[in-house]
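Working notes, structure below.
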Amino acid sequence: MTTATLTVEVAAALAEIEGHYGRRVHHEPDGQGGTLVMIDEIELPPTWAGPSAPLHFVIPFNFPAVAPYPYYLPQDVQPPAPWHQAMQPIEWRGMPMIQVSLRNANWRPAQDSILGCLMQVTEWLRSQ
Amino acid sequence: MKPRLRITGADYEALHAHLFPGDGDEHAAILLAGRASVADNPTLLVREVHLLDTDEFPPGRYGYRQLAAAALARLGSRANDEGLALISCHSHPGSGDRTGLSRDDLAGHRRVFPHLLDIVAGGAPVGGIAFGEVSAAGEIWIDRVHRHELDRIDVIGESHLRLRDRPPADASTPDPRFDRQARMFGAAGQELLADMTVAVIGLGGGGSIVNEQLCHLGVGRIIGVDFDRVEHHNLSRIVGAVPRDARRRRKKVKVAARLARRIDPSIGFEAIDGDIADPEIAELVSGSDFIFLCTDTISSRLVANAIAQAYLIPMVQIGAKVDRPNDRISSVYVAVRPSFPRHGCLDCAGMIDQVALQKEAATEEERVAQNYLNLPDVVDPSVVTLNGVAASAATNLMLMYAVGMGQPGHLAHRLFDARSGCWLALEPRHDSACLWCGPESTSRFARGDAAHLPVRIGGHRSRIRLPRLLLRPASARRFA
């Protein structure tokens with residue numbers, strides 16, 4: 001049913017992300033079978049305070065039944081004001097972050113992939 | 001070791017119609033099945049039914065008919081790809097409630113099964129079953145050495161049907177306390193209840209009443225699961241709870257166990273202090289014959305529904321809801337939702353909400369951050385009469401199923417409008433892309449122990465310390 005620290009499904013999703021983003025992917029098991037993921041150097045639009053930022057999210061232990069939500073960026077990337085309503089500042093697990101509340105409303109766990117989710121988020125960020 | 005096989009009512013109906021078309025001839029099919037281990041008894045869970053035409057079941061060199069090598073190779077290869085067991089089936093027309101494997105059948109198994117075991121590989125067993133009109137006999141080969149007689153087939157449909165190689169011995173006269181109810185469903189029905197293991201997930205307002213009724217009915221073993229404690233506001237609803245339980249904050253499972261013992265000291269009540277999303281508890285529940293889901297979390301709904309579909313275990317979820325927007329009551333209703341294998345899956349019915357699951361999985365800090373409107377947490381109303389309606393309807397559904405009295409339509413999802421007294425039946429929906437009950441290769445349907453249930457590892461959430469963010473990216477340092 002599970003590997004030592006990650007469920008089989010979470011480990012497979014992580015491998016899929018690593019297959020695409022390579023060494024930019026870092027993760028930290030959450031103790032429940034899921035994992036906190038950080039993908040470094042996600043490209044941002046030129047109007048933001050920096051050219052790229054790490055994107056954080058959790059692959060929950062019950063993935064793929066539950067898709068990752070929400071996503072987080074460090075607050076110092078400062079998107080131009082006014083922020084889109086899907087973004088808000090919060091403190092998340094000890095760090096000041098921007099919560100990006102993008103939800104895949106049509107998530108089909110038997111068919112969709114985690115990479116598809118991430119593509120949607122990164123494209124949305126580039127469009128801001 | 002007593003191997004068993006479970007099949008949905010719809011699959012059995014299709015199989016039976018194919019095997020007994022009325023021509024008096026033998027016909028064949030191949031079943032591909034997932035596997036579960038229940039109390040050391042392997043249980044095969046039929047995931048695919050392949051009906052063979054007469055070309056694939058031609059007259060045999062050794063027996064009357066034999067399975068064509070091409071069919072065995074094709075479906076053996078599919079079993080291998082899918083990690084499923086392969087069971088060949090054929091009919092014995094004219095044998096009604098008694099049947100057995102013939103000498104030719106057994107000789108055929110000895111010739112073919114060693115090769116089939118090589119084809120299916122991965123430790124998957126193979127087997128052969130001969131069906132009579134209302135009976136079945138077979139053998140399962142775990143490997144080349146370990147062969148076991150099939151104990152029984154359980155058909156999980158509107159009514160439970162159990163097939164064996166012969167009719168059961170006459171049931172003994174039931175205990176006098178069951179006399180009145182046994183007059184409705186017979187001594188045999190009473191024995192079926194005594195033979196059942198029923199899981200009750202959540203022992204609050206609804207679950208405590210279900211538990212009480214199961215004890216009165218004479219169910220043999222109950223697995224009660226709850227991690228919560230009795231509080232004063234529970235005393236208006238939890239059957240069996242007294243003020244002292246609230247003062248001592250006694251575990252709800254202990255109250256349920258005490259009530260069970262008082263009703264029937266001989267009952268096997270297993271009190272499980274925990275959450276169904278814990279893997280050990282999910283595994284325990286997956287060995288039951290029926291599941292009542294009486295919790296109010298979507299994550300428990302997700303896991304219980306997954307178990308029902310992956311292990312072919314009938315389940316019913318109950319709940320009560322009082323809608324009161326702006327503090328004005330708009331509706332008061334009770335829901336009774338059976339989730340039987342490929343019939344009434346809660347995910348297909350839209351009852352497993354992604355947003356609610358994500359909210360339940362979030363930390364308190366995240367929940368606050370995600371509650372954009374800053375609404376205070378609302379305490380929902382809860383009334384014992386509503387719990388009672390839901391619990392009785394659900395337990396009655398289980399009873400009709402278990403003793404073979406369920407009629408077409410009784411597995412519809414139902415809503416009871418408590419103010420008008422009307423019941424509304426909803427036709428179950430089926431999503432062909434469903435992760436739990438769909439036909440796609442990724443679906444967990446009938447996968448059994450290979451289903452990867454959506455459970456957490458590392459124990460109950462309350463015992464998990466979520467990590468603070470330690471990952472510091474190079475880009476974050478740049479911004480610092």
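How things are named: the first chain in the structure tokens is A, the next is B, and so on; residues count from 1 in each chain; ligands count from 1 in the order shown.
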Assign secondary structure with DSSP using the backbone only, and return the residues of region 85-318 of chain B in strand (DSSP E or B) as a PyMOL selection string. chain B and resi 85-91+126-132+135-141+147-149+152-156+160-163+197-201+221-226+229+251+268-273+290-293+315-318
Which polymer residues have any atom within 10 Å of an atom of region 377-390 of chain B, counting only C-alpha atoms, with same-chain residues fewer than 6 positions away left out, as a VMD selection string? chain B and resid 204 to 210 233 to 239 294 317 to 324 332 to 337 371 396 414 to 418
Can you write out the residues you just picked, keeping C-alpha atoms, as a compact mmCIF listing (two decimals), in the first residue's frame?
```txt
# COMPACT_ATOMS: atom_id res chain seq x y z
CA GLY B 204 -22.02 9.58 17.27
CA GLY B 205 -25.71 10.38 16.81
CA GLY B 206 -26.33 8.15 13.78
CA GLY B 207 -23.70 5.45 14.36
CA SER B 208 -24.77 4.77 17.95
CA ILE B 209 -28.31 3.99 16.78
CA VAL B 210 -27.03 1.77 13.97
CA HIS B 233 -23.65 18.34 23.80
CA ASN B 234 -23.55 14.69 22.55
CA LEU B 235 -25.85 13.44 25.31
CA SER B 236 -28.97 14.43 23.41
CA ARG B 237 -28.09 12.06 20.58
CA ILE B 238 -25.67 9.25 21.42
CA VAL B 239 -27.68 6.19 22.36
CA CYS B 294 -21.83 7.58 10.00
CA GLN B 317 -23.55 6.39 4.26
CA ILE B 318 -25.97 8.33 6.43
CA GLY B 319 -26.23 11.93 7.42
CA ALA B 320 -28.62 14.65 8.46
CA LYS B 321 -28.50 18.27 7.43
CA VAL B 322 -30.27 21.37 8.62
CA ASP B 323 -29.77 24.29 6.25
CA ARG B 324 -30.22 27.62 7.96
CA VAL B 332 -34.22 19.77 7.21
CA TYR B 333 -33.32 16.52 5.57
CA VAL B 334 -31.80 13.13 6.10
CA ALA B 335 -29.64 11.34 3.54
CA VAL B 336 -29.22 7.59 3.10
CA ARG B 337 -26.74 6.77 0.35
CA ASN B 371 -11.37 31.15 4.56
CA ASN B 396 -33.17 -1.80 7.27
CA ARG B 414 -32.63 8.67 -0.67
CA LEU B 415 -33.37 12.02 0.89
CA PHE B 416 -36.01 12.40 3.57
CA ASP B 417 -37.54 15.84 3.96
CA ALA B 418 -38.21 15.89 7.70
```
Produce a table with one row for each residue of chain A that has an atom at most 8 Å from any atom of chain B, each row naming the nearest atom pair and its distance in Å at one decimal; use only C-alpha atoms; arrange rows by chain and rising residue number; format as CSV.
```
residue,atom,partner,partner_atom,distance
A:Met1,CA,B:His452,CA,5.1
A:Thr2,CA,B:Ile457,CA,7.5
A:Thr5,CA,B:Ile457,CA,7.4
A:Leu6,CA,B:Ile457,CA,7.7
A:Thr7,CA,B:Ile457,CA,7.4
A:Val8,CA,B:His452,CA,7.3
A:Glu9,CA,B:His452,CA,7.6
A:His26,CA,B:Leu471,CA,7.3
A:His27,CA,B:Leu471,CA,7.5
A:Glu28,CA,B:Leu471,CA,7.6
A:Asp30,CA,B:Leu466,CA,6.0
A:Gly31,CA,B:Gly458,CA,6.0
A:Gln32,CA,B:Ile457,CA,4.8
A:Gly33,CA,B:Ile457,CA,5.1
A:Gly34,CA,B:Arg456,CA,7.9
A:Met38,CA,B:Leu471,CA,7.2
A:Asp40,CA,B:Pro473,CA,6.2
A:Glu41,CA,B:Ser475,CA,6.7
A:Ser52,CA,B:Ser475,CA,7.3
A:Ala53,CA,B:Ser475,CA,5.9
A:Pro54,CA,B:Pro473,CA,6.5
A:Pro60,CA,B:Ala361,CA,7.6
A:Phe61,CA,B:Arg456,CA,5.6
A:Asn62,CA,B:Pro454,CA,4.4
A:Phe63,CA,B:Pro454,CA,7.1
A:Ala65,CA,B:Pro454,CA,7.1
A:Val66,CA,B:Gln354,CA,6.2
A:Ala67,CA,B:Gln354,CA,7.7
A:Tyr69,CA,B:Gln358,CA,6.8
A:Pro74,CA,B:Ala476,CA,7.0
A:Asp76,CA,B:Phe479,CA,6.3
A:Val77,CA,B:Phe479,CA,7.6
A:Ile90,CA,B:Ala369,CA,6.6
A:Trp92,CA,B:Glu366,CA,7.2
A:Arg93,CA,B:Arg468,CA,4.6
A:Gly94,CA,B:Arg468,CA,5.9
A:Met95,CA,B:Leu469,CA,7.1
A:Arg108,CA,B:Ala433,CA,7.5
A:Pro109,CA,B:Leu435,CA,6.1
A:Ala110,CA,B:Leu435,CA,4.7
A:Gln111,CA,B:Ala433,CA,7.4
```
Could you find all residues in region 7-74 of chain A that DSSP calls alpha helix (DSSP H) from the backbone, and write them as a PyMOL selection string? chain A and resi 8-21
Neighbours of region 13-16 of chain A within 8 Å (only C-alpha atoms; same-chain residues fewer than 6 positions away dropped), as a VMD selection string? chain A and resid 113 to 115
How would the residues just picked look written out with all heavy atoms as a compact mmCIF listing (two decimals), in the first residue's frame?
```txt
# COMPACT_ATOMS: atom_id res chain seq x y z
N SER A 113 -2.98 14.34 -14.71
CA SER A 113 -1.65 14.15 -14.09
C SER A 113 -1.28 15.39 -13.29
O SER A 113 -1.77 16.49 -13.54
CB SER A 113 -0.60 13.90 -15.17
OG SER A 113 -0.32 15.12 -15.83
N ILE A 114 -0.38 15.19 -12.35
CA ILE A 114 0.05 16.32 -11.52
C ILE A 114 0.79 17.34 -12.36
O ILE A 114 0.73 18.54 -12.10
CB ILE A 114 0.90 15.83 -10.34
CG1 ILE A 114 1.03 16.95 -9.30
CG2 ILE A 114 2.27 15.32 -10.79
CD1 ILE A 114 1.45 16.50 -7.95
N LEU A 115 1.46 16.86 -13.40
CA LEU A 115 2.19 17.79 -14.26
C LEU A 115 1.21 18.75 -14.96
O LEU A 115 1.52 19.93 -15.15
CB LEU A 115 3.00 16.98 -15.29
CG LEU A 115 4.37 17.49 -15.65
CD1 LEU A 115 5.18 17.90 -14.46
CD2 LEU A 115 5.11 16.45 -16.48
```
